[in-house]
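J.: Next up is a structure, given as structure tokens.
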Amino acid sequence: MGDSDSEQLLDHQEEALPTTTAATAATGSKSSKKLSILPLIFLIYFEVSGGAYGEEAAVGAAGPLWAILGFLIFPFIWSIPEALITAELATAFPGNGGYVIWANHAFGPFWGSLMGSWKFLSGVINLASYPVLCVDYLKLVFPLFSSGVPRYVAILFSTCVLSFLNYTGLVIVGYTAVCLGVISLLPFLLLTLISIPKIDPSRWISLGQKGVEKNWPLFFNTLFWNLNFWDNASTLAGEVEKPQKNFPKALFSAGLLTCLAYLVPLLAATGALPLEQEKWVDGYFADLAEIIAGKWLKIFLEIGAVLSIIGLYEAQLSSCVYQLLGMADLGFLPQCFSTRSKWFNTPWLGILVSTLITAGVSFLDFANLISSVNFLYSLGMLLEFASFLWLRRKLPTIKRPFKVPMELPGLIVMCLIPSGFLVYVMSVATGTVFLMSSVLTVLSIFWYFILKFCQSKRWTEFNHGGEKLDNEEDLE
């Protein structure tokens with residue numbers, strides 16, 4: 001193919017890419033409101049963090065100094081690269097589906113579908129843990145929910161109620177996230193202010209109590225899962241007001257909020273009291289609040305934890321639902337997944353499917369299952385890094401409203417560091433986790449070919465947005 005023909009094709013692509021990925025969304029969006037920057041910030045915040053709840057294990061695993069350094073340094077080697085990649089690709093391809101669109105454009109529909117399966121499974125099964133955590137807090141007040149039928153009913157009821165909130169619309173979910181975020185952060189702010197007179201900075205440099213062995217796998221896993229999922233909000237890009245402008249700003253603001261939400265309470269709590277390292281496990285912040293300020297702050301912090309869990313559920317479910325919508329727009333799923341509610345303009349089938357899977361998994365002993373889907377998420381991230389680098393080479397002149405200010409060699413180095421960490425996380429997985437991850441991957445591959453067969457037989461309706469991407473082969 002001649003150079004002029006290549007340029008014409010590329011120019012055509014630059015105009016077609018954003019509309020292709022959101023073709024069906026446009027038909028159903030009518031006069032729906034778009035997500036503005038403030039609710040987007042808090043949705044990203046809840047995708048990644050939700051507050052300092054859960055960071056206690058880093059202190060228990062390695063001591064205060066390593067925990068502080070971890071939450072100070074790790075964002076630069078993991079969170080910032082992931083956020084930069086998300087900002088560039090979400091603004092270059094501003095449609096629902098996010099990383100599915102990126103892998104599809106980079107390597108074709110098979111890898112786009114596999115990316116979608118990996119990320120959806122990891123998201124929707126992780127989602128199942130949040131109603132369980134809500135009920136675990138409720139049973140502290142109502143022991144009836146500790147076990148048996150009442151516990152199962154409470155989990156199912158909370159799952160349905162939380163999912164219905166998502167059905168009412170992304171804008172409502174976004175502003176709900178703002179309220180939940182402010183209220184759940186407030187007890188940590190009070191804890192920090194009350195701790196200030198008691199802080200002894202020398203406690204920050206403690207490497208841990210003598211006789212307490214370092215647990216490095218727990219330490220790194222705690223950092224990893226508390227500073228992860230920056231790319232999840234990319235699946236909502238088609239619902240965002242002026243995504244090319246607002247997405248990078250929202251990512252930067254959410255990143256700053258997340259880092260402060262982790263570091264400030266950690267500095268306050270480790271500096272205010274002598275170290276009792278073995279007590280630093282999940283939920284210990286509530287005990288610290290009672291020691292530092294009294295029972296009232298412990299109760300407030302536990303209420304904040306429940307509200308944070310609700311925010312995490314809503315943000316994660318939104319990501320899963322609009323990923324399915326984007327996959328339907330691309331032709332990876334039947335067209336019915338792009339159908340929107342007449343009342344709230346939300347993709348109701350995606351919400352229903354995600355909720356049913358979540359409810360089903362909630363009743364399983366899913367410790368190994370959670371580890372397995374986290375393994376799949378790591379595979380998805382490796383594919384995401386590869387897609388980012390390959391798109392820079394494959395489509396160098398496509399319009400990128402936000403562009404990471406580095407050339408390809410620098411980008412490779414930027415991606416190699418977090419990729420090495422992903423490989424480490426997968427290498428320490430158990431045999432059971434590796435087996436389950438392999439089975440889920442094989443099933444995902446079969447799912448792709450089954451849907452291709454259904455499409456060829458015209459057994460159900462599919463969109464054809466993804467077929468336009470095949471022309472990219474002509475550019476090579």
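Labeling convention for the structure tokens: chains A, B, ... as they appear, residues from 1 per chain, ligands from 1 in order of appearance.
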As a ChimeraX atom specification, please: the residues near Ala106 of chain A (cut-off 9 Å, only C-alpha atoms, same-chain neighbours under 6 positions excluded).
T.: /A:112,386-391,394-395,472
J.: Please produce an output containing all heavy atoms for each residue in the selection, written as a CSV table (one decimal), in the first residue's frame.
T.:
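Output saved as selection-v1.csv:
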chain,number,residue,atom,x,y,z
A,112,GLY,N,-9.0,-8.5,22.3
A,112,GLY,CA,-9.9,-7.6,22.9
A,112,GLY,C,-11.0,-8.4,23.7
A,112,GLY,O,-11.3,-8.0,24.8
A,386,ALA,N,1.1,-3.9,27.0
A,386,ALA,CA,1.5,-4.3,25.6
A,386,ALA,C,0.7,-3.5,24.6
A,386,ALA,O,1.2,-3.0,23.5
A,386,ALA,CB,1.4,-5.8,25.4
A,387,SER,N,-0.6,-3.4,24.8
A,387,SER,CA,-1.5,-2.6,23.9
A,387,SER,C,-1.1,-1.2,23.8
A,387,SER,O,-1.1,-0.6,22.7
A,387,SER,CB,-3.0,-2.7,24.4
A,387,SER,OG,-3.4,-4.1,24.4
A,388,PHE,N,-0.8,-0.6,25.0
A,388,PHE,CA,-0.4,0.8,25.0
A,388,PHE,C,0.9,1.0,24.1
A,388,PHE,O,0.9,1.9,23.3
A,388,PHE,CB,-0.1,1.2,26.4
A,388,PHE,CG,0.6,2.5,26.6
A,388,PHE,CD1,-0.1,3.7,26.3
A,388,PHE,CD2,1.9,2.6,27.1
A,388,PHE,CE1,0.5,5.0,26.5
A,388,PHE,CE2,2.5,3.8,27.3
A,388,PHE,CZ,1.8,5.0,26.9
A,389,LEU,N,1.9,0.2,24.3
A,389,LEU,CA,3.1,0.3,23.6
A,389,LEU,C,2.9,0.1,22.1
A,389,LEU,O,3.5,0.8,21.3
A,389,LEU,CB,4.2,-0.6,24.1
A,389,LEU,CG,4.6,-0.4,25.6
A,389,LEU,CD1,5.5,-1.5,26.1
A,389,LEU,CD2,5.3,1.0,25.7
A,390,TRP,N,2.1,-1.0,21.8
A,390,TRP,CA,1.9,-1.3,20.4
A,390,TRP,C,1.1,-0.2,19.7
A,390,TRP,O,1.4,0.1,18.5
A,390,TRP,CB,1.3,-2.6,20.2
A,390,TRP,CG,1.2,-3.1,18.8
A,390,TRP,CD1,0.1,-3.4,18.1
A,390,TRP,CD2,2.4,-3.5,18.0
A,390,TRP,NE1,0.5,-3.8,16.8
A,390,TRP,CE2,1.9,-3.9,16.8
A,390,TRP,CE3,3.7,-3.4,18.2
A,390,TRP,CZ2,2.7,-4.3,15.7
A,390,TRP,CZ3,4.6,-3.8,17.1
A,390,TRP,CH2,4.0,-4.2,15.9
A,391,LEU,N,0.1,0.4,20.3
A,391,LEU,CA,-0.6,1.5,19.7
A,391,LEU,C,0.2,2.7,19.4
A,391,LEU,O,0.0,3.4,18.5
A,391,LEU,CB,-1.8,1.8,20.6
A,391,LEU,CG,-3.0,0.8,20.6
A,391,LEU,CD1,-4.0,1.1,21.7
A,391,LEU,CD2,-3.7,0.8,19.2
A,394,LYS,N,1.9,1.5,16.3
A,394,LYS,CA,1.0,1.2,15.2
A,394,LYS,C,0.2,2.4,14.7
A,394,LYS,O,0.0,2.6,13.5
A,394,LYS,CB,0.0,0.1,15.7
A,394,LYS,CG,-1.0,-0.4,14.6
A,394,LYS,CD,-1.9,-1.4,15.2
A,394,LYS,CE,-2.9,-2.0,14.2
A,394,LYS,NZ,-3.8,-3.0,14.8
A,395,LEU,N,-0.2,3.2,15.6
A,395,LEU,CA,-1.0,4.4,15.3
A,395,LEU,C,-0.3,5.7,15.9
A,395,LEU,O,-0.8,6.3,16.7
A,395,LEU,CB,-2.4,4.3,15.8
A,395,LEU,CG,-3.3,3.1,15.3
A,395,LEU,CD1,-4.6,3.1,16.1
A,395,LEU,CD2,-3.5,3.2,13.8
A,472,GLU,N,-7.3,-1.9,10.1
A,472,GLU,CA,-6.0,-1.4,10.7
A,472,GLU,C,-4.9,-2.3,10.2
A,472,GLU,O,-3.7,-1.9,10.1
A,472,GLU,CB,-6.0,-1.5,12.2
A,472,GLU,CG,-6.9,-0.4,12.8
A,472,GLU,CD,-6.9,-0.5,14.3
A,472,GLU,OE1,-6.2,-1.2,14.9
A,472,GLU,OE2,-7.7,0.3,14.9
J.: Counting only C-alpha atoms, which residues of segment 302-397 of chain A fall within 9 Å of segment 449-452 of chain A, and what is the closest atom pair for each with its distance in Å at one decimal, ordered by chain and rising number, as CSV?
T.:
residue,atom,partner,partner_atom,distance
A:Phe332,CA,A:Leu451,CA,7.6
A:Leu333,CA,A:Leu451,CA,7.4
A:Pro334,CA,A:Leu451,CA,8.3
J.: Write a file of the just-selected residues containing all heavy atoms, as a PDB file, in the first residue's frame.
T.:
ATOM      1  N   PHE A 332     -18.594  -7.892  20.494  1.00  0.00           N
ATOM      2  CA  PHE A 332     -18.084  -9.029  21.245  1.00  0.00           C
ATOM      3  C   PHE A 332     -19.173  -9.744  22.036  1.00  0.00           C
ATOM      4  O   PHE A 332     -18.994 -10.881  22.460  1.00  0.00           O
ATOM      5  CB  PHE A 332     -16.981  -8.580  22.220  1.00  0.00           C
ATOM      6  CG  PHE A 332     -15.731  -8.123  21.547  1.00  0.00           C
ATOM      7  CD1 PHE A 332     -14.935  -7.144  22.122  1.00  0.00           C
ATOM      8  CD2 PHE A 332     -15.332  -8.661  20.343  1.00  0.00           C
ATOM      9  CE1 PHE A 332     -13.762  -6.717  21.517  1.00  0.00           C
ATOM     10  CE2 PHE A 332     -14.169  -8.241  19.714  1.00  0.00           C
ATOM     11  CZ  PHE A 332     -13.392  -7.268  20.300  1.00  0.00           C
ATOM     12  N   LEU A 333     -20.267  -9.060  22.282  1.00  0.00           N
ATOM     13  CA  LEU A 333     -21.417  -9.622  22.987  1.00  0.00           C
ATOM     14  C   LEU A 333     -22.676  -9.332  22.174  1.00  0.00           C
ATOM     15  O   LEU A 333     -22.682  -8.407  21.343  1.00  0.00           O
ATOM     16  CB  LEU A 333     -21.552  -8.997  24.384  1.00  0.00           C
ATOM     17  CG  LEU A 333     -20.501  -9.375  25.424  1.00  0.00           C
ATOM     18  CD1 LEU A 333     -20.724  -8.580  26.705  1.00  0.00           C
ATOM     19  CD2 LEU A 333     -20.520 -10.868  25.727  1.00  0.00           C
ATOM     20  N   PRO A 334     -23.752 -10.093  22.379  1.00  0.00           N
ATOM     21  CA  PRO A 334     -24.998  -9.820  21.647  1.00  0.00           C
ATOM     22  C   PRO A 334     -25.484  -8.389  21.853  1.00  0.00           C
ATOM     23  O   PRO A 334     -25.217  -7.758  22.877  1.00  0.00           O
ATOM     24  CB  PRO A 334     -25.974 -10.830  22.257  1.00  0.00           C
ATOM     25  CG  PRO A 334     -25.117 -11.955  22.714  1.00  0.00           C
ATOM     26  CD  PRO A 334     -23.840 -11.310  23.201  1.00  0.00           C
TER      27      PRO A 334
END
J.: Using only C-alpha atoms for the distances, tell me which of A:Pro64, A:Gly283, A:Gly97, A:Pro150 is nearest to Leu263 of chain A.
T.: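 For Leu263 of chain A, the nearest of the given residues is A:Pro64.
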J.: Restricting the calculation to only C-alpha atoms: of A:Val153, A:Ile85, A:Met381, A:Cys134, which residue gets closest to Ser308 of chain A?
T.: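 Among A:Val153, A:Ile85, A:Met381, A:Cys134, it is A:Cys134 that comes nearest to Ser308 of chain A.
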J.: Hey, can you check how far atom CA of Val161 of chain A sits from atom CA of Gly51 of chain A?
T.: 22.5 Å
J.: If we count only C-alpha atoms, what is near segment 198-213 of chain A at a cut-off of 10 Å, once residues fewer than 2 positions away on the same chain are taken out, given as number ranges by chain?
T.: A: 59-69, 192, 194-196, 215-216, 266-278, 292
J.: Residues at most 6 Å from segment 323-329 of chain A, counting only C-alpha atoms, excluding those fewer than 5 positions away in the same chain, as a tab-separated table (two decimals) with C-alpha atoms, in the first residue's frame?
T.:
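Heads up, here's the output in result-v1.tsv:
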chain	number	residue	atom	x	y	z
A	24	THR	CA	-24.93	1.78	20.08
A	96	ASN	CA	-17.40	2.66	26.72
A	97	GLY	CA	-15.31	-0.47	27.09
A	235	THR	CA	-14.91	1.70	30.71
A	334	PRO	CA	-25.00	-9.82	21.65
A	335	GLN	CA	-26.66	-6.52	20.85
A	337	PHE	CA	-26.25	-5.97	26.16
A	338	SER	CA	-26.28	-2.46	24.68
A	463	ASN	CA	-23.39	-4.94	16.39
J.: Using only C-alpha atoms, which of A:Leu89, A:Leu38, A:Val264, A:Leu114 sits nearest Lys399 of chain A?
T.: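 Between A:Leu89, A:Leu38, A:Val264, A:Leu114, the residue approaching Lys399 of chain A most closely is A:Leu89.
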J.: Near Val281 of chain A, within 8 Å and counting only C-alpha atoms, which residues show up once chain neighbours fewer than 4 positions away are dropped, as a list of chain:residue names?
T.: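 Selected residues are A:Gly54, A:Glu56, A:Ala57, A:Gly60.
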J.: So that I can check the surroundings of segment 368-379 of chain A, please list as an MDAnalysis selection string every protein, DNA and RNA residue that reaches within 12 Å of it, counting only C-alpha atoms and ignoring chain neighbours fewer than 6 positions away.
T.: chainID A and resid 99 111 114:129 221 224:225 228:229 231:232 361:362 385:386 418:442 444
J.: Nearest to Lys403 of chain A among A:Phe219, A:Pro131, A:Pro248, A:Ser158, with distances taken over only C-alpha atoms: which residue is it?
T.: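 Once distances to Lys403 of chain A are computed over only C-alpha atoms, the minimum belongs to A:Pro248.
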J.: When you draw a straight line from atom CA of Leu156 of chain A to atom CA of Asp282 of chain A, how long is it in Å?
T.: 24.1 Å
J.: From segment 178-300 of chain A, collect each residue whose DSSP state is alpha helix (DSSP H) and return the set as a ChimeraX atom specification.
T.: /A:178-195,216-226,243-272,284-292,295-300
J.: Atom CA of Ala237 of chain A and atom CA of Tyr322 of chain A are how many Å apart?
T.: 9.1 Å
J.: Counting only C-alpha atoms, which residue out of A:Ala177, A:Leu72, A:Cys454, A:Ala154 sits closest to Ala261 of chain A?
T.: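 That would be A:Leu72, the residue with the smallest distance to Ala261 of chain A.
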